[in-house]
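To keep things clear, I will list the structure first and then write my remarks on it.
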Amino acid sequence: MRIFVAGATGAVGRKLVPLLVAAGHSVIGSTRSAAKAGLLRELGAEPAVADGLDAAGMRAAVTTARPDVVIHEMTDLAAATDLRHFDRAFARTNELRTRGTDILLAAAREAGAKRFIAQSFCGWTFSRDGGAIKTEADQLDPNPPEELRRTLEAIRYLERTVPASAVPEGIVLRYGFFYGPDTGTLSPPMREQLRRRRVPVIGDGGGYWSFIHTEDAASATAAAIERGRTGEIYNIVDDYPAQVRDWLPALAKVLGARPPLHVPAWLGRLLAGEHMTAMMTEVRGASNAKAKRELAWLPAHPSWRDGFADAAGSSAGQRSAA
């Protein structure tokens, strides 16, 4: 098949493109940076330089590619560093989830694509009451902290729009919190913050986080091309949702950092905001049972514990080689 990966140089795209090429697909990967075209060629893809918010440019890239499948992996997570002002930090990602989705979906439809797969997120989005682990049938947070509202509404928009598409067939993949070598939870800024003990456990640290290695996000996406059901949403996470009070000290230990500090919830609200306190104390994890059953997918890194150690070791090895 011909597959167009929008956002092909992102954390998932860099793992997904070679996986698709190895499976025998012809891959066209888009990036908004001409400087990254060489990377896409190295990964085995035909590069297309197009900004996801430029309707004319994206239309031209997709219609020229004539893909059977379009995969929406466009975010701007590298810019999301000021989590104290969460919605502002995710402003461009939110626009890519709304207007960018509309642009890419219209282009895919015009190009005659048969399937459209879009990245979503389930790290903190579920209702904070009821059980600790949520399925795709559970509702999203009806009353999120103010700093998360625009971001959650963008996620809601994508999750309404894509499954409603019959031509092309729309499927949504909700990834958990990313990690990988020097990526996501193991990114250089996060490592530095942990080493400086600037990421405390707030309150009881009882919030449940669901993680996913970028390699496993990519393999689930590849599985969805063949086996995902039209109009469905899938949680793409590992097997062991973890409370903050468990995973944060474990991550610090893997990185050789001192254990994180503990601060009471009232102080966390003052220092980090109500939204970050909720993430530390109240958010719910996600079940991957539906994805495993319907996509015939199993994460190669079923536990964040082993996954953190493997990814951190890979990061160290890459830096030593450099």
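If you're wondering about the labels, chains in the structure tokens are A, B, ... by order shown, residues count from 1 in each chain, ligands from 1 in order shown.
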Exercise. Could you give me, as a PyMOL selection string, the residues within 7 Å of stretch 56-73 of chain A, counting only C-alpha atoms and dropping anything in the same chain fewer than 6 positions from it?
Key: chain A and resi 1-8+13+28+48+50+104+107-108+110-111+113-119
Closest-contact table, stretch 74-163 of chain A side, partner stretch 285-289 of chain A, 9 Å, counting only C-alpha atoms, as CSV:
residue,atom,partner,partner_atom,distance
A:Cys122,CA,A:Ala286,CA,7.0
A:Gly123,CA,A:Gly285,CA,7.0
A:Trp124,CA,A:Gly285,CA,7.6
A:Phe126,CA,A:Gly285,CA,8.0
A:Ala132,CA,A:Gly285,CA,6.1
A:Ile133,CA,A:Gly285,CA,4.6
A:Lys134,CA,A:Ala286,CA,4.7
A:Thr135,CA,A:Ser287,CA,5.3
A:Glu136,CA,A:Ser287,CA,8.0
Self-check item: Residue neighbourhood A:Arg128, 8 Å, only C-alpha atoms, exclusion window fewer than 3 positions, as a list of chain:residue names
Solution: A:Asp141, A:Glu282, A:Val283, A:Arg284
Quiz item: Which residues, written as a PyMOL selection string, have at least one atom at most 7 Å from A:Leu261, with only C-alpha atoms counted and residues fewer than 6 positions away on the same chain left out?
Solution: chain A and resi 197+200-201
Export C-alpha atoms of the chosen residues as an mmCIF file, in the first residue's frame?
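Below is the file again_32.cif, written as the result:
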data_model
loop_
_atom_site.group_PDB
_atom_site.id
_atom_site.type_symbol
_atom_site.label_atom_id
_atom_site.label_comp_id
_atom_site.auth_asym_id
_atom_site.auth_seq_id
_atom_site.Cartn_x
_atom_site.Cartn_y
_atom_site.Cartn_z
ATOM 1 C CA ARG A 197 14.756 17.289 42.116
ATOM 2 C CA PRO A 200 8.175 16.371 43.237
ATOM 3 C CA VAL A 201 5.509 13.864 44.151
#
Hey, could you make a per-residue contact list for stretch 154-258 of chain A against stretch 90-93 of chain A with 12 Å as the cut-off, showing the nearest pair of atoms and its distance in Å to one decimal, counting only C-alpha atoms, sorted by chain and number, as a Markdown table?
| residue | atom | partner | partner_atom | distance |
| --- | --- | --- | --- | --- |
| A:Ala154 | CA | A:Thr93 | CA | 8.7 |
| A:Ile155 | CA | A:Thr93 | CA | 9.9 |
| A:Leu158 | CA | A:Thr93 | CA | 11.6 |
Quiz item: A:Gln243: which residues within 7 Å, counting only C-alpha atoms, same-chain residues fewer than 6 positions away excluded, as a ChimeraX atom specification?
Solution: /A:205-209
Create the file for the chosen residues now, containing C-alpha atoms and written as a PDB file, in the first residue's frame.
ATOM      1  CA  GLY A 205       0.902  10.703  44.368  1.00  0.00           C
ATOM      2  CA  GLY A 206      -2.187   8.577  43.779  1.00  0.00           C
ATOM      3  CA  GLY A 207      -2.815   9.531  40.150  1.00  0.00           C
ATOM      4  CA  TYR A 208      -2.564   6.650  37.667  1.00  0.00           C
ATOM      5  CA  TRP A 209      -0.448   7.194  34.534  1.00  0.00           C
TER       6      TRP A 209
END
Extract the full set of alpha helix (DSSP H) residues from stretch 46-140 of chain A according to DSSP on the backbone, and format it as a PDB file with C-alpha atoms, in the first residue's frame.
ATOM      1  CA  ALA A  55      -4.397  23.787   3.663  1.00  0.00           C
ATOM      2  CA  ALA A  56      -3.108  24.332   0.140  1.00  0.00           C
ATOM      3  CA  GLY A  57       0.316  22.858   0.841  1.00  0.00           C
ATOM      4  CA  MET A  58      -1.026  19.785   2.630  1.00  0.00           C
ATOM      5  CA  ARG A  59      -3.661  19.203  -0.039  1.00  0.00           C
ATOM      6  CA  ALA A  60      -0.970  19.279  -2.727  1.00  0.00           C
ATOM      7  CA  ALA A  61       1.279  16.886  -0.769  1.00  0.00           C
ATOM      8  CA  VAL A  62      -1.463  14.330  -0.115  1.00  0.00           C
ATOM      9  CA  THR A  63      -3.118  14.411  -3.520  1.00  0.00           C
ATOM     10  CA  THR A  64       0.272  14.074  -5.221  1.00  0.00           C
ATOM     11  CA  ALA A  65       1.068  11.058  -3.025  1.00  0.00           C
ATOM     12  CA  PHE A  86      -0.525  24.042  29.908  1.00  0.00           C
ATOM     13  CA  ASP A  87      -3.033  25.150  27.280  1.00  0.00           C
ATOM     14  CA  ARG A  88      -0.681  27.853  26.036  1.00  0.00           C
ATOM     15  CA  ALA A  89       2.140  25.315  25.732  1.00  0.00           C
ATOM     16  CA  ALA A  91      -1.690  25.698  21.547  1.00  0.00           C
ATOM     17  CA  ARG A  92      -0.165  24.573  18.238  1.00  0.00           C
ATOM     18  CA  THR A  93      -0.763  20.892  18.995  1.00  0.00           C
ATOM     19  CA  ASN A  94      -4.396  21.744  19.738  1.00  0.00           C
ATOM     20  CA  GLU A  95      -4.678  23.540  16.407  1.00  0.00           C
ATOM     21  CA  LEU A  96      -3.193  20.515  14.661  1.00  0.00           C
ATOM     22  CA  ARG A  97      -5.792  18.340  16.395  1.00  0.00           C
ATOM     23  CA  THR A  98      -8.637  20.563  15.195  1.00  0.00           C
ATOM     24  CA  ARG A  99      -7.959  22.590  12.045  1.00  0.00           C
ATOM     25  CA  GLY A 100      -5.050  20.336  11.099  1.00  0.00           C
ATOM     26  CA  THR A 101      -7.312  17.286  11.313  1.00  0.00           C
ATOM     27  CA  ASP A 102      -9.902  18.955   9.087  1.00  0.00           C
ATOM     28  CA  ILE A 103      -7.239  19.902   6.531  1.00  0.00           C
ATOM     29  CA  LEU A 104      -5.653  16.456   6.434  1.00  0.00           C
ATOM     30  CA  LEU A 105      -8.976  14.597   6.382  1.00  0.00           C
ATOM     31  CA  ALA A 106     -10.252  16.709   3.478  1.00  0.00           C
ATOM     32  CA  ALA A 107      -7.008  16.102   1.579  1.00  0.00           C
ATOM     33  CA  ALA A 108      -7.206  12.359   2.243  1.00  0.00           C
ATOM     34  CA  ARG A 109     -10.788  12.292   0.979  1.00  0.00           C
ATOM     35  CA  GLU A 110      -9.889  14.181  -2.176  1.00  0.00           C
ATOM     36  CA  ALA A 111      -6.905  11.886  -2.796  1.00  0.00           C
TER      37      ALA A 111
END
Quiz item: What are the DSSP strand (DSSP E) residues of stretch 102-251 of chain A, as a VMD selection string?
Solution: chain A and resid 115 to 121 133 to 134 169 to 175 177 to 180 183 to 184 201 to 202 208 to 209 211 to 213 233 to 236 242 to 243
Practice problem: Could you check which of A:Thr214, A:Ser187, A:Ser120, A:Thr31 is closest to A:Leu152, using only C-alpha atoms? | Solution: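 So, comparing all the options, the nearest one is A:Ser120.
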Exercise. Could you give me, as a list in words, the residues within 9 Å of A:Glu147, counting only C-alpha atoms and dropping anything in the same chain fewer than 3 positions from it?
Key: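 Those residues are Arg84, His85, Phe86, Asp87, Arg88, Pro144, Arg150, Thr151, Gly273, Glu274 and His275 of chain A.
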List the spatial neighbours of stretch 249-251 of chain A as a tab-separated table (two decimals) with N, CA and C atoms, in the first residue's frame - criterion: any atom at most 9 Å away, only C-alpha atoms, same-chain residues fewer than 6 positions off excluded.
chain	number	residue	atom	x	y	z
A	185	THR	N	8.96	11.07	28.46
A	185	THR	CA	9.31	11.04	29.87
A	185	THR	C	10.82	10.92	30.09
A	186	LEU	N	11.54	10.47	29.08
A	186	LEU	CA	13.00	10.35	29.16
A	186	LEU	C	13.71	11.41	28.31
A	194	LEU	N	14.56	16.02	36.83
A	194	LEU	CA	14.61	14.97	37.85
A	194	LEU	C	15.93	15.01	38.62
A	201	VAL	N	6.78	14.57	44.00
A	201	VAL	CA	5.51	13.86	44.15
A	201	VAL	C	4.58	14.80	44.92
A	257	ALA	N	19.31	9.55	39.76
A	257	ALA	CA	18.99	10.78	40.49
A	257	ALA	C	18.52	10.45	41.90
A	258	ARG	N	18.60	11.44	42.77
A	258	ARG	CA	18.08	11.26	44.12
A	258	ARG	C	16.56	11.12	44.07
A	259	PRO	N	15.96	10.49	45.08
A	259	PRO	CA	14.51	10.34	45.09
A	259	PRO	C	13.82	11.70	45.02
A	260	PRO	N	12.66	11.76	44.36
A	260	PRO	CA	11.96	13.05	44.27
A	260	PRO	C	11.48	13.52	45.64
A	305	ARG	N	8.37	-0.32	33.92
A	305	ARG	CA	9.57	-0.52	34.74
A	305	ARG	C	10.76	-0.99	33.88
A	308	PHE	N	11.49	1.71	30.97
A	308	PHE	CA	12.30	2.87	31.37
A	308	PHE	C	13.78	2.51	31.37
A	309	ALA	N	14.10	1.36	31.97
A	309	ALA	CA	15.50	0.96	32.09
A	309	ALA	C	16.11	0.71	30.71
Quiz item: For A:Ala217, which of A:Ala291, A:Leu39, A:Ile236, A:Met190 is the closest residue, counting only C-alpha atoms?
Solution: A:Ile236
Quiz item: Out of A:Arg269, A:Lys36, A:Arg245, A:His301, which residue has the shortest atom-to-atom distance to A:Ile212 when counting only C-alpha atoms?
Solution: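 Looking at the shortest contact to A:Ile212, the residue is A:His301.
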Quiz item: Quick one, how far is atom CA of A:Asp246 from atom CA of A:Gly184?
Solution: 18.0 Å
